[in-house]
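Content type CSV, C-alpha atoms, from the file data_38.csv:
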chain,number,residue,atom,x,y,z
K,19,MET,CA,185.4,208.0,26.8
K,20,SER,CA,186.2,211.6,27.3
K,21,LEU,CA,186.1,213.8,24.2
K,22,THR,CA,187.4,217.1,22.9
K,23,LEU,CA,185.8,219.0,20.1
K,24,ARG,CA,187.7,221.4,17.9
K,25,THR,CA,187.7,223.0,14.4
K,26,ILE,CA,189.6,220.8,11.9
K,27,SER,CA,191.0,221.3,8.4
K,28,ARG,CA,189.1,220.1,5.3
K,29,GLU,CA,191.9,217.6,4.7
K,30,GLN,CA,191.4,216.1,8.2
K,31,HIS,CA,187.6,216.0,7.7
K,32,LEU,CA,187.9,214.3,4.3
K,33,ALA,CA,190.4,211.7,5.5
K,34,TYR,CA,188.0,210.8,8.3
K,35,ILE,CA,185.0,210.5,5.9
K,36,GLN,CA,187.2,208.3,3.7
K,37,SER,CA,188.0,206.0,6.6
K,38,LEU,CA,184.3,205.1,7.1
K,39,PRO,CA,182.1,202.7,5.1
K,40,SER,CA,179.9,205.7,4.1
K,41,ALA,CA,178.5,209.0,5.2
K,42,SER,CA,175.9,211.4,3.9
K,43,HIS,CA,176.9,213.4,0.8
K,44,MET,CA,175.9,216.5,2.8
K,45,GLN,CA,178.6,215.8,5.3
K,46,VAL,CA,181.6,215.8,3.0
K,47,PRO,CA,183.8,218.9,3.1
K,48,ALA,CA,183.0,219.9,-0.5
K,49,TRP,CA,179.3,220.2,0.3
K,50,ALA,CA,180.2,223.6,1.9
K,51,ASP,CA,181.3,224.8,-1.6
K,52,VAL,CA,177.9,223.6,-3.1
K,53,LYS,CA,176.1,225.7,-0.4
K,54,ALA,CA,178.2,228.8,-1.2
K,55,GLU,CA,175.6,231.2,0.4
K,56,TRP,CA,176.3,229.7,3.8
K,57,ARG,CA,179.5,230.1,5.9
K,58,SER,CA,180.9,226.8,6.9
K,59,GLU,CA,183.1,225.1,9.5
K,60,ASN,CA,184.5,221.6,9.9
K,61,LEU,CA,184.4,220.1,13.4
K,62,GLY,CA,186.2,217.0,14.7
K,63,TRP,CA,185.7,215.0,17.9
K,64,PHE,CA,188.8,213.5,19.5
K,65,ASP,CA,189.3,210.7,22.0
K,66,ASP,CA,191.3,212.2,24.8
K,67,ARG,CA,193.1,209.0,25.6
K,68,THR,CA,194.4,208.2,22.2
K,69,GLY,CA,194.1,211.6,20.4
K,70,GLU,CA,192.4,209.8,17.6
K,71,MET,CA,189.5,211.5,15.6
K,72,VAL,CA,186.3,209.6,16.3
K,73,GLY,CA,183.7,211.9,14.7
K,74,ALA,CA,183.2,214.8,12.3
K,75,GLY,CA,180.6,217.4,11.3
K,76,LEU,CA,180.1,219.9,8.6
K,77,VAL,CA,178.3,223.0,10.0
K,78,LEU,CA,176.7,225.5,7.7
K,79,TYR,CA,176.0,228.9,9.1
K,80,ARG,CA,173.2,231.1,7.8
K,81,GLN,CA,173.0,234.7,9.0
K,82,LEU,CA,169.7,236.1,10.2
K,83,PRO,CA,168.7,239.2,8.3
K,84,LYS,CA,170.1,242.4,9.9
K,85,ILE,CA,171.8,240.8,12.9
K,86,LYS,CA,175.1,239.0,13.4
K,87,ARG,CA,173.6,235.8,14.7
K,88,TYR,CA,173.4,232.5,12.9
K,89,LEU,CA,171.4,229.4,12.3
K,90,ALA,CA,173.9,226.5,12.6
K,91,TYR,CA,172.8,223.6,10.4
K,92,LEU,CA,174.4,220.1,10.2
K,93,PRO,CA,172.5,218.4,7.3
K,94,GLU,CA,172.3,214.6,7.8
K,95,GLY,CA,174.9,214.9,10.5
K,96,PRO,CA,177.1,215.1,12.5
K,97,VAL,CA,178.9,211.9,11.7
K,98,ILE,CA,179.3,210.5,15.3
K,99,ASN,CA,178.5,207.4,17.2
K,100,TRP,CA,174.8,208.1,17.7
K,101,PHE,CA,174.4,204.9,19.8
K,102,ALA,CA,177.1,205.9,22.3
K,103,PRO,CA,175.8,205.6,25.9
K,104,ASN,CA,177.3,209.1,26.6
K,105,LEU,CA,175.5,211.0,23.7
K,106,THR,CA,175.5,214.2,25.9
K,107,ASP,CA,179.3,214.2,26.0
K,108,TRP,CA,179.3,214.4,22.2
K,109,LEU,CA,176.6,217.0,21.8
K,110,GLU,CA,177.1,219.4,24.7
K,111,PRO,CA,180.5,220.6,23.6
K,112,MET,CA,179.1,221.0,20.1
K,113,LEU,CA,176.3,223.3,21.4
K,114,ALA,CA,178.8,225.3,23.5
K,115,HIS,CA,181.1,225.7,20.5
K,116,LEU,CA,178.3,226.8,18.1
K,117,LYS,CA,177.0,229.3,20.7
K,118,ASN,CA,180.5,230.8,20.8
K,119,GLN,CA,180.4,231.1,17.1
K,120,GLY,CA,177.3,233.3,17.3
K,121,ALA,CA,174.6,230.6,16.6
K,122,PHE,CA,171.2,231.4,18.1
K,123,SER,CA,169.7,228.0,17.0
K,124,VAL,CA,171.2,224.6,15.9
K,125,LYS,CA,169.5,222.2,13.5
K,126,MET,CA,170.8,218.7,12.8
K,127,GLY,CA,169.7,215.5,11.2
K,128,PRO,CA,170.9,212.4,13.0
K,129,PRO,CA,171.6,209.8,10.2
K,130,VAL,CA,169.8,207.2,12.3
K,131,ILE,CA,167.1,204.9,10.7
K,132,ILE,CA,164.2,204.1,13.0
K,133,ARG,CA,162.0,201.8,10.8
K,134,ARG,CA,162.0,200.0,7.5
K,135,TRP,CA,159.2,198.6,5.4
K,136,GLU,CA,159.6,196.0,2.7
K,137,ALA,CA,158.0,196.7,-0.8
K,138,THR,CA,155.6,193.8,-0.3
K,139,SER,CA,154.3,195.3,3.0
K,140,ILE,CA,153.8,198.7,1.3
K,141,LYS,CA,152.0,197.1,-1.6
K,142,LYS,CA,149.6,195.4,0.8
K,143,GLY,CA,149.1,198.8,2.6
K,144,ILE,CA,148.3,200.6,-0.6
K,145,GLN,CA,145.5,198.0,-1.3
K,146,ASP,CA,144.1,198.4,2.2
K,147,PRO,CA,141.5,201.3,2.4
K,148,ASP,CA,142.2,201.8,6.1
K,149,VAL,CA,145.9,202.6,5.5
K,150,LYS,CA,146.6,206.2,4.8
K,151,ARG,CA,150.2,206.6,5.7
K,152,LEU,CA,153.4,204.5,5.9
K,153,ARG,CA,153.2,204.5,9.6
K,154,ASP,CA,149.8,202.8,9.5
K,155,ILE,CA,151.7,199.7,8.2
K,156,GLU,CA,153.5,197.5,10.7
K,157,ALA,CA,157.2,198.0,10.1
K,158,ASP,CA,159.3,195.0,9.0
K,159,PHE,CA,162.3,196.3,11.0
K,160,ILE,CA,162.5,198.5,14.0
K,161,GLU,CA,165.7,199.9,15.5
K,162,PRO,CA,165.1,200.0,19.3
K,163,ARG,CA,168.3,202.1,19.9
K,164,ALA,CA,166.8,204.9,17.7
K,165,PHE,CA,164.0,205.4,20.2
K,166,GLU,CA,166.7,205.7,22.9
K,167,VAL,CA,168.5,208.4,20.9
K,168,ALA,CA,165.3,210.3,20.5
K,169,ASP,CA,164.6,210.1,24.2
K,170,LYS,CA,168.1,211.3,25.1
K,171,LEU,CA,167.8,214.3,22.6
K,172,ARG,CA,164.5,215.3,24.2
K,173,ARG,CA,165.9,215.2,27.7
K,174,MET,CA,168.8,217.4,26.5
K,175,GLY,CA,166.4,220.0,25.3
K,176,TRP,CA,166.4,219.2,21.6
K,177,GLN,CA,163.0,219.8,19.9
K,178,GLN,CA,161.1,218.0,17.2
K,179,GLY,CA,157.7,219.2,16.2
K,180,GLU,CA,154.9,217.0,14.9
K,181,ASP,CA,155.8,218.0,11.3
K,182,GLY,CA,159.3,216.8,11.8
K,183,GLY,CA,161.1,220.1,12.7
K,184,ALA,CA,160.4,222.8,15.2
K,185,GLY,CA,157.7,224.7,13.4
K,186,PHE,CA,159.3,224.7,9.9
K,187,GLY,CA,159.5,221.0,9.0
K,188,ASP,CA,162.4,218.9,7.9
K,189,VAL,CA,164.6,220.4,5.3
K,190,GLN,CA,165.9,216.9,4.3
K,191,PRO,CA,163.4,214.0,3.7
K,192,ARG,CA,162.6,211.9,6.7
K,193,TYR,CA,161.3,209.1,4.6
K,194,VAL,CA,163.5,207.7,1.8
K,195,TYR,CA,163.5,204.7,-0.5
K,196,GLN,CA,166.5,202.4,-0.7
K,197,VAL,CA,167.5,199.3,-2.6
K,198,PRO,CA,169.9,197.2,-0.5
K,199,LEU,CA,172.8,195.7,-2.5
K,200,ALA,CA,175.0,194.1,0.1
K,201,ASN,CA,175.3,190.3,-0.2
K,202,ARG,CA,172.9,190.2,-3.1
K,203,SER,CA,173.5,189.3,-6.8
K,204,LEU,CA,172.3,191.7,-9.6
K,205,GLU,CA,170.0,188.8,-10.7
K,206,GLU,CA,168.3,188.9,-7.2
K,207,VAL,CA,168.0,192.7,-7.4
K,208,HIS,CA,166.4,192.4,-10.8
K,209,LYS,CA,164.1,189.6,-9.8
K,210,ASN,CA,162.9,191.8,-6.9
K,211,PHE,CA,161.6,194.5,-9.3
K,212,ASN,CA,157.9,194.3,-9.8
K,213,GLN,CA,156.5,193.0,-13.1
K,214,LEU,CA,155.9,196.4,-14.5
K,215,TRP,CA,159.5,197.5,-13.9
K,216,ARG,CA,160.9,194.4,-15.5
K,217,ARG,CA,158.5,194.8,-18.5
K,218,ASN,CA,159.5,198.5,-18.9
K,219,ILE,CA,163.2,197.7,-18.8
K,220,LYS,CA,162.7,195.1,-21.5
K,221,LYS,CA,160.5,197.5,-23.5
K,222,ALA,CA,163.3,200.2,-23.4
K,223,GLU,CA,165.9,197.7,-24.5
K,224,LYS,CA,163.7,196.5,-27.4
K,225,ALA,CA,163.1,200.1,-28.5
K,226,GLY,CA,166.8,200.8,-28.5
K,227,VAL,CA,167.0,203.2,-25.6
K,228,GLU,CA,170.6,203.8,-24.7
K,229,VAL,CA,171.9,205.1,-21.4
K,230,VAL,CA,175.1,207.2,-21.4
K,231,GLN,CA,177.2,209.1,-18.9
K,232,GLY,CA,177.6,212.9,-19.4
K,233,GLY,CA,180.2,215.4,-18.2
K,234,TYR,CA,180.3,219.0,-17.1
K,235,HIS,CA,179.7,220.2,-20.7
K,236,ASP,CA,176.4,218.3,-20.7
K,237,LEU,CA,174.9,220.1,-17.7
K,238,GLU,CA,173.1,222.6,-20.0
K,239,GLU,CA,171.3,219.7,-21.7
K,240,TRP,CA,170.5,218.4,-18.2
K,241,GLN,CA,169.1,221.8,-17.3
K,242,ARG,CA,166.8,221.8,-20.3
K,243,LEU,CA,165.2,218.5,-19.2
K,244,TYR,CA,165.1,219.6,-15.6
K,245,GLU,CA,163.2,222.8,-16.4
K,246,ILE,CA,160.6,220.9,-18.5
K,247,THR,CA,160.1,218.7,-15.4
K,248,ALA,CA,159.8,221.7,-13.1
K,249,VAL,CA,157.0,223.2,-15.2
K,250,ARG,CA,155.2,219.8,-15.4
K,251,ASP,CA,155.6,219.0,-11.7
K,252,ARG,CA,155.1,222.6,-10.5
K,253,PHE,CA,158.3,223.2,-8.5
K,254,ARG,CA,160.8,226.0,-8.7
K,255,PRO,CA,164.0,224.7,-10.4
K,256,ARG,CA,167.5,225.3,-9.2
K,257,PRO,CA,169.6,227.4,-11.7
K,258,LEU,CA,172.2,225.8,-14.0
K,259,SER,CA,174.9,227.5,-11.9
K,260,TYR,CA,173.9,225.4,-8.9
K,261,PHE,CA,174.6,222.1,-10.8
K,262,GLN,CA,177.8,223.5,-12.3
K,263,ARG,CA,179.0,224.4,-8.8
K,264,MET,CA,178.0,221.0,-7.5
K,265,TRP,CA,179.8,219.2,-10.2
K,266,THR,CA,183.0,221.2,-9.8
K,267,ALA,CA,183.0,221.1,-6.0
K,268,LEU,CA,182.2,217.4,-5.5
K,269,ASN,CA,184.3,216.0,-8.3
K,270,THR,CA,187.4,218.2,-7.4
K,271,GLU,CA,187.2,216.5,-3.9
K,272,ASP,CA,186.7,213.0,-5.4
K,273,PRO,CA,186.5,212.4,-9.2
K,274,ASN,CA,183.8,209.8,-8.6
K,275,ARG,CA,181.6,211.8,-6.3
K,276,MET,CA,179.0,213.0,-8.9
K,277,ARG,CA,177.9,211.4,-12.1
K,278,LEU,CA,175.4,212.5,-14.8
K,279,TYR,CA,173.3,210.1,-16.9
K,280,PHE,CA,171.1,210.5,-19.9
K,281,ALA,CA,168.6,208.0,-21.5
K,282,ARG,CA,168.3,208.7,-25.2
K,283,HIS,CA,166.2,207.3,-28.1
K,284,ASN,CA,167.1,207.9,-31.7
K,285,GLY,CA,169.7,210.4,-30.6
K,286,VAL,CA,167.3,212.5,-28.5
K,287,ASN,CA,167.8,212.8,-24.7
K,288,LEU,CA,164.5,211.9,-23.0
K,289,SER,CA,165.5,211.7,-19.3
K,290,ALA,CA,168.5,212.5,-17.1
K,291,ALA,CA,169.6,212.0,-13.6
K,292,THR,CA,172.5,213.0,-11.2
K,293,MET,CA,174.1,210.3,-9.0
K,294,LEU,CA,176.2,210.9,-5.9
K,295,VAL,CA,178.7,208.5,-4.3
K,296,VAL,CA,180.2,208.5,-0.8
K,297,GLY,CA,181.9,205.2,0.1
K,298,GLY,CA,179.3,202.4,-0.2
K,299,HIS,CA,176.3,204.7,-0.3
K,300,VAL,CA,175.0,205.8,-3.8
K,301,TRP,CA,172.2,208.3,-4.2
K,302,TYR,CA,170.0,209.0,-7.2
K,303,SER,CA,169.8,212.7,-6.3
K,304,TYR,CA,168.0,214.7,-9.1
K,305,GLY,CA,165.9,213.4,-11.9
K,306,ALA,CA,164.5,215.0,-15.1
K,307,SER,CA,162.5,213.9,-18.1
K,308,ASP,CA,160.9,215.3,-21.3
K,309,ASN,CA,157.2,215.2,-21.9
K,310,ILE,CA,157.9,213.2,-25.1
K,311,GLY,CA,159.1,209.6,-25.6
K,312,ARG,CA,157.6,208.2,-22.4
K,313,GLU,CA,156.3,205.1,-24.2
K,314,VAL,CA,159.9,203.8,-24.6
K,315,ARG,CA,160.4,203.9,-20.8
K,316,PRO,CA,163.7,205.9,-20.6
K,317,SER,CA,163.5,206.4,-16.8
K,318,ASN,CA,163.3,202.7,-16.0
K,319,ALA,CA,166.2,202.0,-18.4
K,320,MET,CA,168.3,204.8,-16.8
K,321,GLN,CA,167.6,203.6,-13.2
K,322,TRP,CA,168.6,200.1,-14.0
K,323,ARG,CA,171.9,201.3,-15.6
K,324,MET,CA,172.6,203.5,-12.5
K,325,LEU,CA,171.8,200.7,-10.2
K,326,ARG,CA,174.1,198.3,-12.1
K,327,ASP,CA,176.9,201.0,-12.0
K,328,ALA,CA,176.4,201.5,-8.3
K,329,TYR,CA,176.7,197.7,-7.8
K,330,ALA,CA,179.9,197.7,-9.9
K,331,LEU,CA,181.3,200.4,-7.6
K,332,GLY,CA,180.8,198.1,-4.7
K,333,ALA,CA,177.8,200.0,-3.2
K,334,THR,CA,175.9,198.4,-0.3
K,335,VAL,CA,172.8,200.6,-0.9
K,336,TYR,CA,171.3,202.4,-3.9
K,337,ASP,CA,169.3,205.3,-2.4
K,338,LEU,CA,166.4,206.7,-4.4
K,339,ARG,CA,166.1,209.6,-1.8
K,340,GLY,CA,162.9,211.2,-0.6
K,341,ILE,CA,159.3,209.9,-0.6
K,342,SER,CA,156.2,211.2,1.1
K,343,ASP,CA,154.7,208.9,3.8
K,344,SER,CA,151.3,209.4,2.2
K,345,LEU,CA,149.7,206.2,0.6
K,346,ASP,CA,146.6,208.1,-0.5
K,347,GLU,CA,146.2,207.6,-4.3
K,348,THR,CA,144.8,211.2,-4.6
K,349,ASP,CA,148.0,212.7,-3.1
K,350,HIS,CA,150.1,214.4,-5.8
K,351,LEU,CA,153.3,212.6,-4.4
K,352,PHE,CA,151.7,209.1,-4.6
K,353,GLY,CA,153.1,208.5,-8.1
K,354,LEU,CA,156.7,208.9,-6.7
K,355,ILE,CA,156.3,206.2,-4.0
K,356,GLN,CA,154.6,203.9,-6.5
K,357,PHE,CA,157.5,204.3,-9.0
K,358,LYS,CA,160.1,203.7,-6.3
K,359,VAL,CA,158.3,200.7,-4.7
K,360,GLY,CA,158.5,199.0,-8.1
K,361,THR,CA,162.3,198.5,-7.5
K,362,GLY,CA,161.4,196.1,-4.7
K,363,GLY,CA,163.6,197.8,-2.1
K,364,GLN,CA,162.6,199.2,1.3
K,365,ALA,CA,161.2,202.5,2.6
K,366,ALA,CA,163.2,203.8,5.5
K,367,GLU,CA,162.3,206.4,8.1
K,368,TYR,CA,165.0,208.5,9.7
K,369,LEU,CA,164.8,210.2,13.1
K,370,GLY,CA,164.1,213.4,11.3
K,371,GLU,CA,165.6,216.8,12.0
K,372,TRP,CA,166.0,218.3,15.5
K,373,ASP,CA,166.4,221.9,16.7
K,374,PHE,CA,168.1,223.3,19.8
K,375,PRO,CA,167.2,227.0,20.4
K,376,LEU,CA,170.2,228.6,22.0
K,377,ASN,CA,168.3,231.9,22.1
K,378,LYS,CA,164.6,231.2,22.4
K,379,LEU,CA,163.4,234.6,21.3
K,380,LEU,CA,165.5,234.6,18.0
K,381,HIS,CA,164.6,231.0,17.4
K,382,LYS,CA,160.9,231.9,17.7
K,383,ALA,CA,161.4,234.8,15.3
K,384,LEU,CA,163.0,232.5,12.8
K,385,ASP,CA,160.1,230.1,13.1
K,386,ILE,CA,157.6,232.9,12.3
K,387,TYR,CA,159.8,234.1,9.4
K,388,MET,CA,160.0,230.6,7.9
K,389,SER,CA,156.3,229.9,8.3
K,390,ARG,CA,155.5,233.0,6.3
K,391,ARG,CA,157.8,232.2,3.4

Would you mind writing the structure in this file as structure tokens?
Amino acid sequence: MSLTLRTISREQHLAYIQSLPSASHMQVPAWADVKAEWRSENLGWFDDRTGEMVGAGLVLYRQLPKIKRYLAYLPEGPVINWFAPNLTDWLEPMLAHLKNQGAFSVKMGPPVIIRRWEATSIKKGIQDPDVKRLRDIEADFIEPRAFEVADKLRRMGWQQGEDGGAGFGDVQPRYVYQVPLANRSLEEVHKNFNQLWRRNIKKAEKAGVEVVQGGYHDLEEWQRLYEITAVRDRFRPRPLSYFQRMWTALNTEDPNRMRLYFARHNGVNLSAATMLVVGGHVWYSYGASDNIGREVRPSNAMQWRMLRDAYALGATVYDLRGISDSLDETDHLFGLIQFKVGTGGQAAEYLGEWDFPLNKLLHKALDIYMSRR
């Protein structure tokens, strides 16, 4: 198949995304409005024989300080046929185009899953003292074509460092936790939760925890809980304006793109979460909780409600987003994987992010700049 790549309108891009079963929420046109500090461009790949659009990509451009050269970034994209035998014919024109746009380096995240581990295998691994990382456990599913993709990328000159990216790690998580929903009943999904999860959901119900959906006007209350979480978990929170922009941008594009949930007890909000929807893929994207009221298990109640809502929307997967691959109980991120494994789903490993230095000197300079931040 011979292909042509060109800039497309947001409308064309959105229509293409809507024609697919799903795509990453970072590859919808509105994501460019969320990332307002980056310049953006929508790209389309066309089949020369039919003139039909067969791929799309949202590119974000970040300018290097003091010079008119850019890092071009396609988060969790582009949305193309990654298993096509002629992968070079898809990516070469993209590199040429981005170079013309002033890019000195390109970063992309192929949405290709390489391995999956079932919850039961992970639990066994956690109990085994010789197992330190997810990779030490034999995967329950391996996608052989993903290795071919990685091989082709290397041969083309794309780079992936040991830490996931070329010197400055992956920006998006390489390991995620997902609950598959396709061809399963809600009863089956619930039965797959571990005992603790099922007990906690029951406990919340008994205590009278209610889970409600919020709107734009509730984002200030979301921010309050999120900032409490940031202090407790020692991370730098995003400002309220980021979530307001996210809500406006995503829900203007599609009224069902972003949702906000609160779990409350006796009229007090104890935990909150944002949910994103693109086709059959639903993400739990940000979570927050107060330091009080944990004994009534608001977070379990909220996740169960979000999962049921995702199911009602016809989702094929409920994605709990990033996890660390460390299974070491002393690791500060261990609690996160433990919480998510309780849902009975699967851990999935993506191919990770890849860099193509169009200008080796500037790429190296960026590497040094990023490592010092």

(request) Compare K:Pro47, K:Gly298, K:Pro39, K:Pro191 by their minimum atom-to-atom distance to Ser27 in chain K, counting only C-alpha atoms, and give me the closest one. (result)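 Of K:Pro47, K:Gly298, K:Pro39, K:Pro191, the one nearest Ser27 in chain K is K:Pro47, counting only C-alpha atoms.
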
(request) Show which residues sit within 10 Å of range 145-156 of chain K, as a PyMOL selection string. Count only C-alpha atoms, and ignore same-chain residues fewer than 5 positions away. (result) chain K and resi 133-135+139-140+193+342-347+365-367

(request) Might you pull out every residue within 6 Å of range 299-303 of chain K, with all atoms listed in the file counted and same-chain residues fewer than 6 positions away left off, and present them as a PyMOL selection string? (result) chain K and resi 40+292-293+333+335-338

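Here the question is which of K:Val359, K:Leu89, K:Leu294, K:Met126 gets nearest to Trp176 in chain K using all atoms listed in the file, and that residue is K:Met126.
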
Give me the residues of range 167-244 of chain K that have any atom at most 9 Å from an atom of range 255-267 of chain K; for each, the nearest atom pair and the distance in Å, rounded to one decimal. Use all atoms listed in the file, sort by chain and number, and format it as a tab-separated table.
residue	atom	partner	partner_atom	distance
K:Gly233	CA	K:Trp265	CA	8.9
K:Tyr234	CA	K:Trp265	CA	6.9
K:Leu237	CA	K:Gln262	CA	7.0
K:Glu238	CA	K:Leu258	CA	6.9
K:Trp240	CA	K:Leu258	CA	8.7
K:Gln241	CA	K:Leu258	CA	6.0
K:Tyr244	CA	K:Pro255	CA	7.4

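The space separating CA of Gln213 in chain K from CA of Met324 in chain K comes to 19.2 Å.
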
(request) Considering only C-alpha atoms, state which residue in the set K:Trp100, K:Phe211, K:Phe165, K:Tyr79 is at the smallest distance from Thr138 in chain K. (result)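 Under the stated criterion, the closest residue is K:Phe211.
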
(request) May I have the residues within 12 Å of Met320 in chain K as a ChimeraX atom specification, using all atoms listed in the file and disregarding those fewer than 5 positions away in the same chain? (result) /K:215,218-219,222-223,227-231,278-283,287-293,302,305-307,314-315,325-327

(request) May I ask which of the residues K:Trp56, K:Ala50, K:Asn318, K:Glu239 is the closest one to Phe357 in chain K, counting all atoms listed in the file? (result)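 Selected residue with least distance to Phe357 in chain K: K:Asn318.
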
(message) Using Å and a single decimal, report how far CA of Ala383 in chain K sits from CA of Arg252 in chain K.
(response)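 Separation between CA of Arg252 in chain K and CA of Ala383 in chain K: 29.2 Å.
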
(message) Here is a test: counting all atoms listed in the file, which residue of K:Leu379, K:Leu204, K:Leu171, K:Ile144 is nearest to Trp322 in chain K?
(response)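 The answer is K:Leu204, which sits nearest to Trp322 in chain K.
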
(request) Could you give me, as a list in words, the residues within 9 Å of Trp63 in chain K, counting only C-alpha atoms and dropping anything in the same chain fewer than 6 positions from it? (result) Leu21, Thr22, Leu23, Arg24, Thr25, Glu70, Met71, Val72, Gly73, Ala74, Gly75, Ile98 and Trp108 of chain K

Could you complete range 128-140 of chain K so that it carries N, CA and C atoms, and give it back as a PDB file, in the frame of the given file?
ATOM      1  N   PRO K 128     170.159 213.646  12.626  1.00  0.00           N
ATOM      2  CA  PRO K 128     170.900 212.400  13.000  1.00  0.00           C
ATOM      3  C   PRO K 128     170.663 211.340  11.866  1.00  0.00           C
ATOM      4  N   PRO K 129     171.757 210.802  11.294  1.00  0.00           N
ATOM      5  CA  PRO K 129     171.600 209.800  10.200  1.00  0.00           C
ATOM      6  C   PRO K 129     171.283 208.421  10.835  1.00  0.00           C
ATOM      7  N   VAL K 130     170.170 208.379  11.558  1.00  0.00           N
ATOM      8  CA  VAL K 130     169.800 207.200  12.300  1.00  0.00           C
ATOM      9  C   VAL K 130     168.429 206.686  11.722  1.00  0.00           C
ATOM     10  N   ILE K 131     168.401 205.451  11.229  1.00  0.00           N
ATOM     11  CA  ILE K 131     167.100 204.900  10.700  1.00  0.00           C
ATOM     12  C   ILE K 131     166.367 204.235  11.837  1.00  0.00           C
ATOM     13  N   ILE K 132     165.079 204.557  11.907  1.00  0.00           N
ATOM     14  CA  ILE K 132     164.200 204.100  13.000  1.00  0.00           C
ATOM     15  C   ILE K 132     163.366 202.889  12.594  1.00  0.00           C
ATOM     16  N   ARG K 133     162.863 202.915  11.324  1.00  0.00           N
ATOM     17  CA  ARG K 133     162.000 201.800  10.800  1.00  0.00           C
ATOM     18  C   ARG K 133     162.266 201.560   9.350  1.00  0.00           C
ATOM     19  N   ARG K 134     161.980 200.317   8.949  1.00  0.00           N
ATOM     20  CA  ARG K 134     162.000 200.000   7.500  1.00  0.00           C
ATOM     21  C   ARG K 134     160.809 199.144   7.142  1.00  0.00           C
ATOM     22  N   TRP K 135     160.325 199.360   5.927  1.00  0.00           N
ATOM     23  CA  TRP K 135     159.200 198.600   5.400  1.00  0.00           C
ATOM     24  C   TRP K 135     159.600 197.961   4.068  1.00  0.00           C
ATOM     25  N   GLU K 136     159.365 196.676   3.915  1.00  0.00           N
ATOM     26  CA  GLU K 136     159.600 196.000   2.700  1.00  0.00           C
ATOM     27  C   GLU K 136     158.581 196.390   1.621  1.00  0.00           C
ATOM     28  N   ALA K 137     158.958 196.299   0.334  1.00  0.00           N
ATOM     29  CA  ALA K 137     158.000 196.700  -0.800  1.00  0.00           C
ATOM     30  C   ALA K 137     156.731 195.877  -0.685  1.00  0.00           C
ATOM     31  N   THR K 138     156.817 194.590  -0.330  1.00  0.00           N
ATOM     32  CA  THR K 138     155.600 193.800  -0.300  1.00  0.00           C
ATOM     33  C   THR K 138     154.615 194.291   0.774  1.00  0.00           C
ATOM     34  N   SER K 139     155.140 194.727   1.916  1.00  0.00           N
ATOM     35  CA  SER K 139     154.300 195.300   3.000  1.00  0.00           C
ATOM     36  C   SER K 139     153.623 196.579   2.513  1.00  0.00           C
ATOM     37  N   ILE K 140     154.385 197.409   1.775  1.00  0.00           N
ATOM     38  CA  ILE K 140     153.800 198.700   1.300  1.00  0.00           C
ATOM     39  C   ILE K 140     152.739 198.440   0.272  1.00  0.00           C
TER      40      ILE K 140
END
